[in-house]
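Encoded as structure tokens, the structure appears first; notes follow it.
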Amino acid sequence: MLRHELQPGKLVAGLVLVTAGVLYAGDADGAWRTPWFVVFPLVAGGLCLAGAVALLTGRARRRRRAGGTAADGSGPHPAG
């Protein structure tokens, strides 16, 4: 049994920030050269992607809790 809900938006944000940290750590260690301006678009794009994933996840969960009815009527049909 899960102790908490999976939150894919936070997972994406964490992976992007860990990637940025690895890039800077590799640059500091001398393993490679990372220009200073590379990390800003990576982090900004990753956080936007994480926000979009969190938004879609929230909508899917709300739809599932509401019974799965879609606006076009393709959801479950009431018994009757």
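Each chain in the structure tokens gets a letter, A, B and so on, in the order shown; residues start at 1 in every chain, and ligands are counted from 1 in the order they appear.
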Checklist line | Spatial neighbours of segment 4-16 of chain A, max dist 6 Å, only C-alpha atoms, sep filter under 2 positions, as JSON, numbers by chain | finding: {"A": [2, 18, 19, 46, 47, 50, 53, 54]}
Checklist line | Atom-to-atom span, atom CA of Gly21 of chain A and atom CA of Thr34 of chain A, Å | finding: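 Rounded to one decimal, the two atoms are 11.3 Å apart.
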Next item on the list: Grab the atom CA of Ala25 of chain A to atom CA of Cys48 of chain A distance for me, in Å with one decimal place.
Entry: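 Spanning atom CA of Ala25 of chain A to atom CA of Cys48 of chain A is a straight-line distance of 23.5 Å.
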Next item on the list: Name the residues of chain A that fall into alpha helix (DSSP H) according to DSSP on the backbone, using the chain letters and numbers of this document, as a ChimeraX atom specification.
Entry: /A:8-29,39-65
Notebook entry, point to check: What is the distance between atom CA of Ala44 of chain A and atom CA of Leu23 of chain A, in Å to one decimal?
Noted result: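 Taking atom CA of Ala44 of chain A and atom CA of Leu23 of chain A, their separation equals 15.1 Å.
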